[in-house]
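Participant: Okay, so here is target-v4.tsv, and as you'll see once you scroll down, it has TSV, C-alpha atoms.
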```tsv
chain	number	residue	atom	x	y	z
A	1	MET	CA	154.40	96.81	32.42
A	2	ILE	CA	153.87	98.48	35.70
A	3	ALA	CA	150.10	98.27	35.28
A	4	VAL	CA	150.35	94.58	34.46
A	5	MET	CA	152.33	93.91	37.58
A	6	GLN	CA	149.98	95.89	39.83
A	7	MET	CA	146.85	93.98	38.89
A	8	PRO	CA	147.71	90.69	40.53
A	9	VAL	CA	148.87	92.61	43.58
A	10	ALA	CA	145.50	94.36	43.79
A	11	PHE	CA	143.72	91.09	43.22
A	12	HIS	CA	145.81	89.36	45.83
A	13	THR	CA	145.16	92.18	48.29
A	14	GLY	CA	141.41	91.89	47.70
A	15	VAL	CA	141.50	88.19	48.55
A	16	ARG	CA	143.44	88.85	51.74
A	17	CYS	CA	140.84	91.50	52.75
A	18	SER	CA	138.00	89.09	52.10
A	19	LYS	CA	139.51	86.48	54.37
A	20	GLN	CA	140.00	89.01	57.14
A	21	CYS	CA	136.38	90.11	56.89
A	22	HIS	CA	135.20	86.52	57.09
A	23	GLN	CA	137.39	85.90	60.09
A	24	GLN	CA	136.10	89.00	61.85
A	25	LEU	CA	132.51	88.06	61.04
A	26	GLY	CA	133.12	84.57	62.37
A	27	ARG	CA	134.51	85.96	65.61
A	28	ILE	CA	131.53	88.31	66.01
A	29	VAL	CA	129.05	85.48	65.46
A	30	ALA	CA	130.90	83.24	67.92
A	31	VAL	CA	130.90	85.96	70.58
A	32	ALA	CA	127.19	86.65	70.01
A	33	VAL	CA	126.34	82.95	70.35
A	34	LEU	CA	128.34	82.67	73.57
A	35	PHE	CA	126.62	85.79	74.91
A	36	VAL	CA	123.16	84.37	74.22
A	37	ILE	CA	124.12	81.05	75.82
A	38	ALA	CA	125.40	82.91	78.88
A	39	LEU	CA	122.15	84.85	79.18
A	40	LEU	CA	120.07	81.67	78.92
A	41	TRP	CA	122.23	79.95	81.51
A	42	ALA	CA	121.95	82.87	83.89
A	43	ALA	CA	118.18	82.98	83.48
A	44	ALA	CA	117.90	79.26	84.17
A	45	ALA	CA	120.21	79.47	87.17
A	46	SER	CA	118.22	82.28	88.74
A	47	ALA	CA	114.80	80.78	88.03
A	48	THR	CA	112.62	80.30	91.10
A	49	SER	CA	109.07	79.24	91.81
A	50	ASP	CA	108.09	82.90	91.36
A	51	ASP	CA	108.76	82.50	87.65
A	52	VAL	CA	106.09	79.82	87.50
A	53	VAL	CA	103.33	81.75	89.22
A	54	ALA	CA	102.85	83.93	86.17
A	55	ILE	CA	101.40	80.92	84.35
A	56	PRO	CA	97.73	80.59	85.35
A	57	ARG	CA	96.16	77.16	85.90
A	58	ASP	CA	92.53	76.10	86.07
A	59	PRO	CA	91.46	76.46	89.73
A	60	MET	CA	88.81	73.75	89.39
A	61	GLU	CA	91.60	71.30	88.68
A	62	TYR	CA	94.54	72.68	90.62
A	63	PHE	CA	93.02	74.59	93.55
A	64	PHE	CA	89.84	72.76	94.52
A	65	HIS	CA	89.95	69.10	95.46
A	66	GLN	CA	87.68	66.54	93.85
A	67	SER	CA	84.98	65.77	96.38
A	68	PHE	CA	81.93	63.55	96.89
A	69	ASN	CA	80.37	66.34	99.01
A	70	ASN	CA	80.85	64.42	102.22
A	71	LEU	CA	82.35	66.85	104.71
A	72	GLN	CA	82.92	64.18	107.34
A	73	GLU	CA	85.14	62.35	104.87
A	74	GLU	CA	86.88	65.60	104.04
A	75	LEU	CA	87.74	66.08	107.71
A	76	GLU	CA	89.10	62.54	107.90
A	77	MET	CA	91.29	63.18	104.86
A	78	ALA	CA	92.48	66.48	106.30
A	79	VAL	CA	93.58	64.70	109.47
A	80	ALA	CA	95.20	61.84	107.56
A	81	GLU	CA	97.08	64.29	105.33
A	82	LYS	CA	98.12	66.40	108.36
A	83	LYS	CA	96.39	69.50	107.04
A	84	THR	CA	95.14	72.45	109.08
A	85	GLY	CA	91.53	71.84	108.09
A	86	VAL	CA	88.96	72.39	105.35
A	87	PHE	CA	88.57	75.53	103.26
A	88	ILE	CA	85.20	76.21	101.60
A	89	MET	CA	84.43	78.89	99.04
A	90	PHE	CA	80.70	79.63	98.88
A	91	SER	CA	79.92	80.89	95.41
A	92	ASP	CA	77.17	81.50	92.88
A	93	LYS	CA	77.45	80.78	89.17
A	94	ASP	CA	76.14	84.29	88.42
A	95	CYS	CA	78.53	86.01	90.84
A	96	PRO	CA	81.04	88.23	88.97
A	97	TRP	CA	83.26	88.56	92.05
A	98	CYS	CA	83.50	84.77	92.35
A	99	LEU	CA	84.63	84.63	88.74
A	100	LYS	CA	87.16	87.40	89.40
A	101	MET	CA	88.62	85.42	92.30
A	102	LYS	CA	88.93	82.31	90.16
A	103	THR	CA	90.52	84.09	87.21
A	104	THR	CA	92.92	86.38	89.06
A	105	ILE	CA	93.88	84.67	92.34
A	106	LEU	CA	92.77	81.04	92.63
A	107	ASN	CA	94.45	80.32	89.30
A	108	ARG	CA	97.90	81.32	90.59
A	109	VAL	CA	100.33	78.47	91.15
A	110	VAL	CA	101.70	79.88	94.40
A	111	VAL	CA	98.15	80.11	95.82
A	112	GLN	CA	97.23	76.62	94.65
A	113	ASN	CA	100.36	75.09	96.13
A	114	TYR	CA	99.99	76.81	99.50
A	115	TYR	CA	96.30	76.09	100.00
A	116	ARG	CA	96.59	72.50	98.81
A	117	GLU	CA	99.44	71.94	101.22
A	118	HIS	CA	97.45	73.12	104.23
A	119	PHE	CA	93.75	72.58	103.45
A	120	ARG	CA	91.20	70.42	101.72
A	121	ASN	CA	89.70	73.00	99.34
A	122	LEU	CA	86.03	72.79	98.36
A	123	THR	CA	83.41	74.95	96.70
A	124	ILE	CA	79.71	75.12	97.56
A	125	ASP	CA	76.98	76.56	95.31
A	126	ILE	CA	74.71	78.67	97.53
A	127	ARG	CA	71.76	77.94	95.20
A	128	GLY	CA	72.71	74.35	94.52
A	129	ASP	CA	70.37	71.40	95.01
A	130	THR	CA	73.19	68.86	95.05
A	131	PRO	CA	72.92	66.50	98.06
A	132	MET	CA	75.79	66.57	100.52
A	133	THR	CA	76.76	65.38	103.99
A	134	ASP	CA	77.59	68.09	106.51
A	135	PHE	CA	80.24	67.94	109.22
A	136	ASP	CA	77.79	66.31	111.63
A	137	GLY	CA	76.79	63.58	109.18
A	138	ASN	CA	73.43	65.11	108.26
A	139	GLU	CA	72.16	64.81	104.68
A	140	VAL	CA	71.40	68.26	103.27
A	141	VAL	CA	71.55	70.08	99.96
A	142	GLU	CA	74.17	72.72	99.21
A	143	LYS	CA	71.84	75.73	99.42
A	144	ASP	CA	70.60	74.67	102.87
A	145	PHE	CA	74.12	74.09	104.12
A	146	ALA	CA	75.04	77.56	102.88
A	147	PHE	CA	72.06	79.55	104.08
A	148	LYS	CA	70.42	77.61	106.93
A	149	GLN	CA	73.62	76.49	108.60
A	150	HIS	CA	75.98	79.36	107.81
A	151	ARG	CA	73.76	82.29	106.80
A	152	VAL	CA	75.57	82.83	103.52
A	153	ARG	CA	73.59	85.29	101.39
A	154	ALA	CA	76.18	87.25	99.40
A	155	THR	CA	79.14	85.73	97.61
A	156	PRO	CA	81.93	84.98	97.65
A	157	VAL	CA	82.30	83.84	101.24
A	158	PHE	CA	85.45	82.05	102.38
A	159	MET	CA	85.25	79.84	105.45
A	160	PHE	CA	87.94	77.85	107.21
A	161	PHE	CA	87.06	74.86	109.37
A	162	ASP	CA	89.45	73.11	111.73
A	163	THR	CA	89.75	69.32	111.79
A	164	SER	CA	86.80	69.06	114.17
A	165	GLY	CA	84.50	70.92	111.78
A	166	LYS	CA	84.49	74.15	113.76
A	167	VAL	CA	84.55	77.49	111.89
A	168	VAL	CA	87.76	79.35	112.74
A	169	MET	CA	87.70	82.08	110.08
A	170	ARG	CA	85.11	83.65	107.79
A	171	LEU	CA	85.67	86.34	105.17
A	172	THR	CA	82.98	87.83	102.95
A	173	GLY	CA	83.97	89.44	99.66
A	174	ILE	CA	87.09	89.34	97.52
A	175	VAL	CA	90.61	90.08	98.65
A	176	ARG	CA	92.82	92.73	97.07
A	177	ASP	CA	95.43	90.48	95.51
A	178	THR	CA	97.33	87.19	95.62
A	179	GLN	CA	99.46	88.28	98.56
A	180	GLU	CA	96.45	89.12	100.70
A	181	PHE	CA	94.85	85.76	99.96
A	182	LEU	CA	98.06	83.99	100.95
A	183	TRP	CA	98.11	86.00	104.16
A	184	LEU	CA	94.53	84.88	104.79
A	185	GLY	CA	95.61	81.25	104.61
A	186	GLU	CA	98.68	81.98	106.70
A	187	PHE	CA	96.48	83.72	109.27
A	188	VAL	CA	94.66	80.43	109.83
A	189	VAL	CA	97.62	78.05	109.49
A	190	SER	CA	99.75	79.99	111.99
A	191	GLY	CA	96.92	80.12	114.54
A	192	ALA	CA	97.05	83.93	114.55
A	193	TYR	CA	93.23	83.97	114.32
A	194	GLN	CA	93.20	82.96	117.98
A	195	LYS	CA	94.95	86.18	119.03
A	196	THR	CA	94.00	88.91	116.57
A	197	ASN	CA	91.74	89.82	113.66
A	198	PHE	CA	92.67	89.57	110.01
A	199	THR	CA	92.63	93.32	109.40
A	200	LYS	CA	95.34	93.89	111.99
A	201	TYR	CA	97.23	90.79	110.92
A	202	LYS	CA	97.54	91.80	107.28
A	203	ARG	CA	98.50	95.35	108.26
A	204	ASP	CA	101.32	93.98	110.42
A	205	ARG	CA	102.41	91.63	107.63
A	206	ALA	CA	102.46	94.50	105.13
A	207	GLU	CA	104.63	96.58	107.47
A	208	LYS	CA	107.06	93.70	107.90
A	209	GLU	CA	107.27	93.23	104.15
A	210	GLN	CA	107.99	96.93	103.66
A	211	ALA	CA	110.64	96.92	106.37
A	212	PHE	CA	112.31	93.84	104.87
A	213	SER	CA	112.34	95.30	101.35
A	214	GLY	CA	113.46	98.69	102.62
A	215	THR	CA	110.77	100.53	100.67
A	216	GLY	CA	108.86	101.90	103.62
A	217	PRO	CA	105.22	102.95	103.46
A	218	HIS	CA	104.00	104.69	100.29
```
Mind turning the file's structure into structure tokens?
Facilitator:
Amino acid sequence: MIAVMQMPVAFHTGVRCSKQCHQQLGRIVAVAVLFVIALLWAAAASATSDDVVAIPRDPMEYFFHQSFNNLQEELEMAVAEKKTGVFIMFSDKDCPWCLKMKTTILNRVVVQNYYREHFRNLTIDIRGDTPMTDFDGNEVVEKDFAFKQHRVRATPVFMFFDTSGKVVMRLTGIVRDTQEFLWLGEFVVSGAYQKTNFTKYKRDRAEKEQAFSGTGPH
């Protein structure tokens, strides 16, 4: 008799335990879902433009402007768009350093946005036979504009021209990283090129960055 009476109690207790387990599991799942939602919200709230720069974009589409190779027209557009001037990258299709620049720096969103904001960005093939119009309105081909007018032999060469077509900055060879290339543009945009050289300018900028971050020199 005792055994008969205990069975339903045991069965009833097992049901009660099962409900408790389900309730606990439900609470755990609910808390986990809320935690994930909170993490996603925090990530979205703290997102900045720096999160976007990790996604590379084709520099031929997003860095360089479409051009009819008329530099006089490019100057006019630079003035109309209130830009600092015209930026030209002299390159060669067989130049590995040119390719490195395009695939590691010119494809960065932050670089594309900054340079497009301040310059008309063009590329010139130093061995190209494509006709073009120079800043003085003369009809030339790309290779003559590169070598005869600007003595470009090695690549890459980066040249900045003001809105009158005058060269204000020239750099031969690649830069170290994205930050240095941004400083190069900033060096021209700020007018610092009129007072100092780029080597000193980027050293000063690096020191300011270190002081601001509190890391100090390594």
Participant: Hey, which of A:Arg120, A:Arg153, A:Lys166, A:Arg57 ends up closest to A:Ser91? Count all atoms listed in the file.
Facilitator: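 Under the stated criterion, the closest residue is A:Arg153.
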Participant: So what do you get for atom CA of A:Phe161 versus atom CA of A:Phe119, distance-wise?
Facilitator: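 Atom CA of A:Phe161 sits 9.2 Å away from atom CA of A:Phe119.
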Participant: Report the distance between atom CA of A:Phe63 and atom CA of A:Val110 in Å, rounded to one decimal place.
Facilitator: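 Distance between the two atoms: 10.2 Å.
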Participant: Which of these residues is nearest to A:Leu99, using all atoms listed in the file: A:Asp129, A:Asp58, A:Glu73, A:Glu81?
Facilitator: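 Ranked by minimum distance to A:Leu99, first place goes to A:Asp58.
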Participant: I need the residue nearest A:Arg116 from this list: A:Thr172, A:Thr84, A:Thr199, A:Ser67. Use all atoms listed in the file for the distance.
Facilitator: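 Ranked by minimum distance to A:Arg116, first place goes to A:Thr84.
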Participant: As an exercise, work out the distance from atom CA of A:Leu182 to atom CA of A:Arg203 in Å and give it to one decimal place.
Facilitator: 13.5 Å
Participant: Residues at most 12 Å from A:Gln149, counting all atoms listed in the file, excluding those fewer than 4 positions away in the same chain, as a list in words?
Facilitator: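 In the requested form, the answer reads Ile126, Asp134, Phe135, Asp136, Asn138, Val140, Val141, Glu142, Lys143, Asp144, Phe145, Arg153 and Val167 of chain A.
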Participant: Tell me which of A:Val79, A:Ala192, A:Leu171, A:Val111 sits closest to A:Phe64, counting all atoms listed in the file.
Facilitator: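 Going through A:Val79, A:Ala192, A:Leu171, A:Val111 one by one, the smallest distance to A:Phe64 is for A:Val111.
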Participant: Can you pull out every residue within 12 Å of A:Asp94, counting only C-alpha atoms, but drop anything in the same chain fewer than 6 positions away, and send it as a ChimeraX atom specification?
Facilitator: /A:100,125-127,154-156
Participant: Using only C-alpha atoms, give me every residue within 7 Å of (78.2, 59.6, 106.7) in file coordinates, as a VMD selection string.
Facilitator: chain A and resid 72 133 137
Participant: Which is closer to A:Val188 than all the others in A:Ala80, A:Val86, A:Val157, A:Leu71, using all atoms listed in the file?
Facilitator: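 Going through A:Ala80, A:Val86, A:Val157, A:Leu71 one by one, the smallest distance to A:Val188 is for A:Val86.
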Participant: Choose the residue, out of A:Gly165, A:Asp204, A:Gln210, A:Lys195, that has the smallest atom-to-atom separation from A:Glu76; count all atoms listed in the file.
Facilitator: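 The closest residue to A:Glu76 is A:Gly165.
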Participant: Give me, as a PyMOL selection string, all polymer residues having an atom no more than 10 Å from A:Lys202, counting all atoms listed in the file and skipping those fewer than 4 positions away in the same chain.
Facilitator: chain A and resi 179-181+183-184+186-187+197-198+206-208
